[in-house]
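Take a look at the structure set out below.
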Amino acid sequence: MPTGQDEDGDEDVTTVTVRTLEQIADRGQVWPRMAEKYGIANPVPPWKSSLDGMCDALDHEATALPPLSRRDDEDRLAERVYRALPFPESQLVALAHSLVARGVIGEDALASRIKAVRARLEACEP
């Protein structure tokens, strides 16, 4: 999926629309709300360590997403597209957006994975 270019001539992933992620952002499913719903006291989302590990792996490998590109993408997306999401949700959604925009993962595959995770979560509803 091609992207536009920013003012420096780099790919601008903010020009790519990822409807699956827009829907998540619009729902406002942020960790404090989910933790309250499920009676969890830990202020750190359980997926945060996986997100950090994914970012570290991407930075170490530096082929799917060069580290500076990933960080620039994250900053631009958090500022322009996912402004309503708090950190670390904005970081998670920005990474997924960047991976889709750069063709690392397809939006259909992302949507399918999100659906599977949501089904597991809803099976545990209080």
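Note on naming: chains are A, B, ... as they come in the structure tokens, residues start from 1 per chain, ligands start from 1 in the order shown.
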Those in chain A with strand (DSSP E or B) from DSSP, as a ChimeraX atom specification: /A:4-5,11-12
Region 111-126 of chain A environment, 10 Å, only C-alpha atoms, sequence neighbours closer than 5 positions dropped, as a PyMOL selection string: chain A and resi 19-21+24+37-39+106
Distance query Pro88 (chain A) at most 12 Å, only C-alpha atoms, self and fewer than 5 positions along chain excluded, as a ChimeraX atom specification: /A:29-32,43-52,74,78,82-83,93-95
DSSP helix (DSSP H, G or I) selection over chain A, as an NGL selection string: :A and (13-15 or 19-27 or 31-38 or 48-61 or 67-80 or 89-101 or 107-123)
Just-selected residues, C-alpha atoms written as a PDB file, in the first residue's frame:
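Output saved as selection-v3.pdb:
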ATOM      1  CA  VAL A  13       2.146   6.899   6.731  1.00  0.00           C
ATOM      2  CA  THR A  14      -0.425   9.411   7.979  1.00  0.00           C
ATOM      3  CA  THR A  15      -1.783   9.558   4.424  1.00  0.00           C
ATOM      4  CA  ARG A  19     -10.180   1.634   9.003  1.00  0.00           C
ATOM      5  CA  THR A  20      -9.673  -1.218  11.471  1.00  0.00           C
ATOM      6  CA  LEU A  21      -7.521   1.025  13.670  1.00  0.00           C
ATOM      7  CA  GLU A  22      -9.781   4.046  13.237  1.00  0.00           C
ATOM      8  CA  GLN A  23     -12.659   1.957  14.599  1.00  0.00           C
ATOM      9  CA  ILE A  24     -10.596   0.945  17.621  1.00  0.00           C
ATOM     10  CA  ALA A  25      -9.630   4.553  18.291  1.00  0.00           C
ATOM     11  CA  ASP A  26     -13.254   5.677  17.923  1.00  0.00           C
ATOM     12  CA  ARG A  27     -14.404   3.084  20.482  1.00  0.00           C
ATOM     13  CA  TRP A  31      -6.566   0.483  29.414  1.00  0.00           C
ATOM     14  CA  PRO A  32      -7.972   2.415  32.406  1.00  0.00           C
ATOM     15  CA  ARG A  33     -11.516   1.790  31.174  1.00  0.00           C
ATOM     16  CA  MET A  34     -10.852  -1.896  30.426  1.00  0.00           C
ATOM     17  CA  ALA A  35      -9.038  -2.423  33.740  1.00  0.00           C
ATOM     18  CA  GLU A  36     -11.973  -0.960  35.628  1.00  0.00           C
ATOM     19  CA  LYS A  37     -14.448  -3.119  33.706  1.00  0.00           C
ATOM     20  CA  TYR A  38     -12.512  -6.298  34.516  1.00  0.00           C
ATOM     21  CA  LYS A  48       2.720  -3.234  27.154  1.00  0.00           C
ATOM     22  CA  SER A  49       5.671  -5.591  27.656  1.00  0.00           C
ATOM     23  CA  SER A  50       4.833  -7.352  24.368  1.00  0.00           C
ATOM     24  CA  LEU A  51       4.664  -3.971  22.625  1.00  0.00           C
ATOM     25  CA  ASP A  52       8.044  -2.985  24.058  1.00  0.00           C
ATOM     26  CA  GLY A  53       9.494  -6.319  22.966  1.00  0.00           C
ATOM     27  CA  MET A  54       8.079  -5.907  19.458  1.00  0.00           C
ATOM     28  CA  CYS A  55       9.575  -2.418  19.162  1.00  0.00           C
ATOM     29  CA  ASP A  56      12.942  -3.692  20.451  1.00  0.00           C
ATOM     30  CA  ALA A  57      12.889  -6.569  17.946  1.00  0.00           C
ATOM     31  CA  LEU A  58      11.985  -4.234  15.076  1.00  0.00           C
ATOM     32  CA  ASP A  59      14.751  -1.842  16.102  1.00  0.00           C
ATOM     33  CA  HIS A  60      17.279  -4.669  16.406  1.00  0.00           C
ATOM     34  CA  GLU A  61      16.416  -6.278  13.071  1.00  0.00           C
ATOM     35  CA  PRO A  67      14.202   2.409  13.875  1.00  0.00           C
ATOM     36  CA  LEU A  68      14.097   6.107  13.025  1.00  0.00           C
ATOM     37  CA  SER A  69      11.271   5.558  10.528  1.00  0.00           C
ATOM     38  CA  ARG A  70       9.280   3.642  13.143  1.00  0.00           C
ATOM     39  CA  ARG A  71       9.759   6.357  15.718  1.00  0.00           C
ATOM     40  CA  ASP A  72       8.990   9.134  13.234  1.00  0.00           C
ATOM     41  CA  ASP A  73       5.870   7.246  12.115  1.00  0.00           C
ATOM     42  CA  GLU A  74       4.792   6.838  15.731  1.00  0.00           C
ATOM     43  CA  ASP A  75       5.258  10.544  16.479  1.00  0.00           C
ATOM     44  CA  ARG A  76       3.393  11.694  13.345  1.00  0.00           C
ATOM     45  CA  LEU A  77       0.542   9.226  13.808  1.00  0.00           C
ATOM     46  CA  ALA A  78       0.119  10.018  17.507  1.00  0.00           C
ATOM     47  CA  GLU A  79       0.061  13.734  16.719  1.00  0.00           C
ATOM     48  CA  ARG A  80      -2.071  13.735  13.563  1.00  0.00           C
ATOM     49  CA  GLU A  89      -2.493   2.956  23.325  1.00  0.00           C
ATOM     50  CA  SER A  90      -1.344   5.558  20.798  1.00  0.00           C
ATOM     51  CA  GLN A  91       2.023   3.786  20.522  1.00  0.00           C
ATOM     52  CA  LEU A  92       0.359   0.407  19.945  1.00  0.00           C
ATOM     53  CA  VAL A  93      -2.059   1.694  17.316  1.00  0.00           C
ATOM     54  CA  ALA A  94       0.646   3.775  15.619  1.00  0.00           C
ATOM     55  CA  LEU A  95       2.907   0.733  15.316  1.00  0.00           C
ATOM     56  CA  ALA A  96       0.099  -1.352  13.813  1.00  0.00           C
ATOM     57  CA  HIS A  97      -0.775   1.508  11.438  1.00  0.00           C
ATOM     58  CA  SER A  98       2.844   1.841  10.327  1.00  0.00           C
ATOM     59  CA  LEU A  99       3.134  -1.918   9.732  1.00  0.00           C
ATOM     60  CA  VAL A 100      -0.023  -1.880   7.591  1.00  0.00           C
ATOM     61  CA  ALA A 101       0.962   1.287   5.715  1.00  0.00           C
ATOM     62  CA  GLU A 107      -5.230  -4.870   7.152  1.00  0.00           C
ATOM     63  CA  ASP A 108      -7.365  -8.002   6.721  1.00  0.00           C
ATOM     64  CA  ALA A 109      -4.823 -10.060   8.675  1.00  0.00           C
ATOM     65  CA  LEU A 110      -4.705  -7.386  11.378  1.00  0.00           C
ATOM     66  CA  ALA A 111      -8.508  -7.275  11.598  1.00  0.00           C
ATOM     67  CA  SER A 112      -8.675 -11.067  11.831  1.00  0.00           C
ATOM     68  CA  ARG A 113      -6.136 -11.136  14.664  1.00  0.00           C
ATOM     69  CA  ILE A 114      -7.956  -8.366  16.538  1.00  0.00           C
ATOM     70  CA  LYS A 115     -11.219 -10.285  16.145  1.00  0.00           C
ATOM     71  CA  ALA A 116      -9.625 -13.435  17.619  1.00  0.00           C
ATOM     72  CA  VAL A 117      -8.209 -11.513  20.590  1.00  0.00           C
ATOM     73  CA  ARG A 118     -11.540  -9.776  21.177  1.00  0.00           C
ATOM     74  CA  ALA A 119     -13.362 -13.152  21.139  1.00  0.00           C
ATOM     75  CA  ARG A 120     -10.989 -14.494  23.837  1.00  0.00           C
ATOM     76  CA  LEU A 121     -11.488 -11.368  25.932  1.00  0.00           C
ATOM     77  CA  GLU A 122     -15.265 -11.460  25.619  1.00  0.00           C
ATOM     78  CA  ALA A 123     -15.286 -15.141  26.604  1.00  0.00           C
TER      79      ALA A 123
END
Interatomic distance (Å, one decimal) between CA of Leu65 (chain A) and CA of Gly28 (chain A): 27.1 Å
Atom pair CA of Val81 (chain A) / CA of Ala64 (chain A): separation (Å): 21.8 Å
